[in-house]
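**Student:** My questions will all concern the structure given below.
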Amino acid sequence: MNSPLPVDESTDPALFATMSTMRAMRRLKPEPVPEALLDRLIQAAVWGPSGGNMQRYEYVVVTDPAVMASLAPLWKRCVDAYLATTGKYTPDGMDEAAYGRMVAAIEYQRDHFAETPALIIPCYRFPEPRIEQEGLLRYAEALGAEATARMGKTQERFAALAEGSCVYPGVQNLLLAARGLGLAANITIWHLMLEEEWKAALGIPEDMNTFAAIPVGRPQGRFGPVSRRPVAEVVHRNRW
């Protein structure tokens, strides 16, 4: 068997350096972000792949300080709920001091949310399924009786993942674009704890699902290397 070719990291595309320094930056300067830059973030998101190329995403971009101030109490409620439960405990494998610094940044963002320069809410509305009897019969034949029965139990999860897979590739593009443009951004889903209230505050239609709340602005600190588990700990080659 041929030996693997050596990897020369010095020739990596610039994208690798962008990804390796894309920390969640929660302390933002209050100065506005130009609309042209925000449009470039949305353009990057639109370039992301969308399942079936349906492209049914929409993006709510909040920059009005009055609207941001009206959202701040909702953000506080969501963050407080998180910190009182899941966020109360240091994740396995993470240093307590490092987690303490992260929580401090979360609390800072909570307490200064009204000063957030921009907030982006990615949304998606999956189309109504087009189902007819012949297709269902072929579906069941292709999967087999046992797998078809299992799908009946997991259909809700399948639909949620299918919708999310149409949104999150674009969100990752947006985050990469923000880092490349020197902007701080971090993805959160805490707003889902009060999604109805967020949608009402922003006039988002009831049948439109929201998938993240992404604060964007100029960072107060500097970007630095991310701390992640090494590849050797997470990869399973050919099978688990």
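Labeling convention for the structure tokens: chains A, B, ... as they appear, residues from 1 per chain, ligands from 1 in order of appearance.
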Return as JSON lines the residues of range 105-218 of chain A lying at most 6 Å from range 25-30 of chain A, together with the closest atom-to-atom pair for each and the distance in Å to one decimal, counting only C-alpha atoms, with rows in chain order and ascending residue number.

**Tutor:**
{"residue": "A:Ala105", "atom": "CA", "partner": "A:Arg26", "partner_atom": "CA", "distance": 5.9}
{"residue": "A:Gln109", "atom": "CA", "partner": "A:Arg26", "partner_atom": "CA", "distance": 5.7}
{"residue": "A:Glu115", "atom": "CA", "partner": "A:Pro30", "partner_atom": "CA", "distance": 5.4}
{"residue": "A:Pro117", "atom": "CA", "partner": "A:Pro30", "partner_atom": "CA", "distance": 5.7}
{"residue": "A:Ala184", "atom": "CA", "partner": "A:Met25", "partner_atom": "CA", "distance": 5.3}
{"residue": "A:Ala185", "atom": "CA", "partner": "A:Met25", "partner_atom": "CA", "distance": 5.9}
{"residue": "A:Gly217", "atom": "CA", "partner": "A:Leu28", "partner_atom": "CA", "distance": 5.5}
{"residue": "A:Arg218", "atom": "CA", "partner": "A:Lys29", "partner_atom": "CA", "distance": 5.3}

**Student:** Write out as a CSV table (one decimal) with C-alpha atoms, in the first residue's frame all residues of range 68-184 of chain A that backbone DSSP assigns to strand (DSSP E).

**Tutor:**
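Done, and the output landed in selection-v9.csv:
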chain,number,residue,atom,x,y,z
A,118,ALA,CA,-26.5,44.1,14.1
A,119,LEU,CA,-28.5,40.9,14.7
A,120,ILE,CA,-29.2,38.3,11.9
A,121,ILE,CA,-32.0,35.8,12.2
A,122,PRO,CA,-31.9,33.1,9.6
A,123,CYS,CA,-35.3,31.7,8.7
A,124,TYR,CA,-36.7,28.9,6.6
A,184,ALA,CA,-17.2,39.3,15.3

**Student:** So that I can check the surroundings of Leu174 in chain A, please list as a PyMOL selection string every protein, DNA and RNA residue that reaches within 7 Å of it, counting only C-alpha atoms and ignoring chain neighbours fewer than 6 positions away.

**Tutor:** chain A and resi 41-42+44-45

**Student:** Could you name the residues that touch Asp80 in chain A at 12 Å or less, counting only C-alpha atoms, but leaving out those on the same chain fewer than 6 positions away, as a count of residues only?

**Tutor:** 14

**Student:** Need to verify the contact set: Ala177 in chain A, 12 Å, only C-alpha atoms, exclusion of same-chain residues closer than 4 positions in sequence. Can you return it as a ChimeraX atom specification?

**Tutor:** /A:15,18-19,22,37-48,170-173,181-185,216

**Student:** Can you write just those residues out, N, CA and C atoms, as a CSV table (one decimal), in the first residue's frame?

**Tutor:**
chain,number,residue,atom,x,y,z
A,15,LEU,N,-8.4,30.1,3.7
A,15,LEU,CA,-9.6,29.7,4.4
A,15,LEU,C,-9.3,28.9,5.7
A,18,THR,N,-8.6,31.2,8.5
A,18,THR,CA,-9.8,31.8,8.9
A,18,THR,C,-10.6,30.9,9.8
A,19,MET,N,-10.7,29.7,9.5
A,19,MET,CA,-11.5,28.7,10.3
A,19,MET,C,-10.8,28.5,11.6
A,22,MET,N,-11.5,31.4,14.2
A,22,MET,CA,-12.9,31.9,14.2
A,22,MET,C,-13.6,31.6,15.6
A,37,LEU,N,-21.5,45.9,4.3
A,37,LEU,CA,-20.9,44.7,4.9
A,37,LEU,C,-21.9,43.7,5.3
A,38,LEU,N,-23.0,44.1,5.9
A,38,LEU,CA,-24.0,43.1,6.2
A,38,LEU,C,-24.6,42.4,5.0
A,39,ASP,N,-24.7,43.2,3.9
A,39,ASP,CA,-25.2,42.6,2.7
A,39,ASP,C,-24.2,41.5,2.2
A,40,ARG,N,-22.9,41.7,2.4
A,40,ARG,CA,-21.9,40.8,2.0
A,40,ARG,C,-22.0,39.5,2.8
A,41,LEU,N,-22.4,39.6,4.1
A,41,LEU,CA,-22.6,38.4,4.9
A,41,LEU,C,-23.8,37.6,4.4
A,42,ILE,N,-24.9,38.3,4.1
A,42,ILE,CA,-26.0,37.6,3.6
A,42,ILE,C,-25.7,37.0,2.2
A,43,GLN,N,-25.0,37.7,1.4
A,43,GLN,CA,-24.6,37.1,0.1
A,43,GLN,C,-23.8,35.8,0.3
A,44,ALA,N,-22.9,35.8,1.3
A,44,ALA,CA,-22.2,34.6,1.6
A,44,ALA,C,-23.1,33.5,2.0
A,45,ALA,N,-24.1,33.8,2.8
A,45,ALA,CA,-25.1,32.8,3.3
A,45,ALA,C,-25.9,32.3,2.1
A,46,VAL,N,-26.3,33.1,1.2
A,46,VAL,CA,-27.0,32.7,0.1
A,46,VAL,C,-26.2,31.8,-0.8
A,47,TRP,N,-24.9,31.9,-0.9
A,47,TRP,CA,-24.1,31.0,-1.6
A,47,TRP,C,-24.0,29.6,-1.0
A,48,GLY,N,-24.4,29.4,0.2
A,48,GLY,CA,-24.4,28.1,0.8
A,48,GLY,C,-25.3,27.2,0.2
A,170,GLY,N,-25.5,27.8,5.0
A,170,GLY,CA,-25.4,29.2,4.7
A,170,GLY,C,-25.0,30.0,5.9
A,171,VAL,N,-25.4,29.6,7.1
A,171,VAL,CA,-25.0,30.2,8.4
A,171,VAL,C,-23.5,30.1,8.5
A,172,GLN,N,-23.0,28.9,8.3
A,172,GLN,CA,-21.5,28.8,8.4
A,172,GLN,C,-20.8,29.7,7.4
A,173,ASN,N,-21.3,29.8,6.2
A,173,ASN,CA,-20.7,30.7,5.2
A,173,ASN,C,-20.7,32.2,5.8
A,181,LEU,N,-14.0,39.3,7.1
A,181,LEU,CA,-14.1,40.8,7.0
A,181,LEU,C,-13.7,41.5,8.3
A,182,GLY,N,-13.2,40.7,9.3
A,182,GLY,CA,-12.8,41.3,10.5
A,182,GLY,C,-14.0,41.6,11.5
A,183,LEU,N,-15.1,41.0,11.2
A,183,LEU,CA,-16.3,41.2,12.1
A,183,LEU,C,-16.4,40.1,13.1
A,184,ALA,N,-16.9,40.4,14.3
A,184,ALA,CA,-17.2,39.3,15.3
A,184,ALA,C,-18.6,38.9,15.1
A,185,ALA,N,-18.8,37.6,15.2
A,185,ALA,CA,-20.2,37.0,15.1
A,185,ALA,C,-20.2,35.7,15.9
A,216,VAL,N,-23.7,40.5,15.5
A,216,VAL,CA,-22.6,40.9,14.6
A,216,VAL,C,-22.1,42.3,15.0

**Student:** Choose the residue, out of A:Cys78, A:Tyr108, A:Pro205, A:Arg56, that has the smallest atom-to-atom separation from Glu128 in chain A; count only C-alpha atoms.

**Tutor:**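 Nearest candidate to Glu128 in chain A out of A:Cys78, A:Tyr108, A:Pro205, A:Arg56: A:Arg56.
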
**Student:** When DSSP works through the backbone of this structure, what residues of range 16-182 of chain A end up as alpha helix (DSSP H), shown as an MDAnalysis selection string?

**Tutor:** chainID A and resid 16:20 35:46 65:84 96:111 133:143 145:180

**Student:** Take CA of Ala213 in chain A and CA of Pro230 in chain A and report the distance between them in Å, one decimal.

**Tutor:**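 Between CA of Ala213 in chain A and CA of Pro230 in chain A the gap is 28.4 Å.
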
**Student:** Can you pull out the residues contacting Gly52 in chain A? Cut-off 12 Å, using only C-alpha atoms, and skip same-chain residues under 5 positions away; I want them as a ChimeraX atom specification.

**Tutor:** /A:126-127,162-163,165-166

**Student:** Please compute the CA of Gly203 in chain A-CA of Phe113 in chain A distance, one decimal, in Å.

**Tutor:**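 Computed distance, CA of Gly203 in chain A to CA of Phe113 in chain A, equals 19.7 Å.
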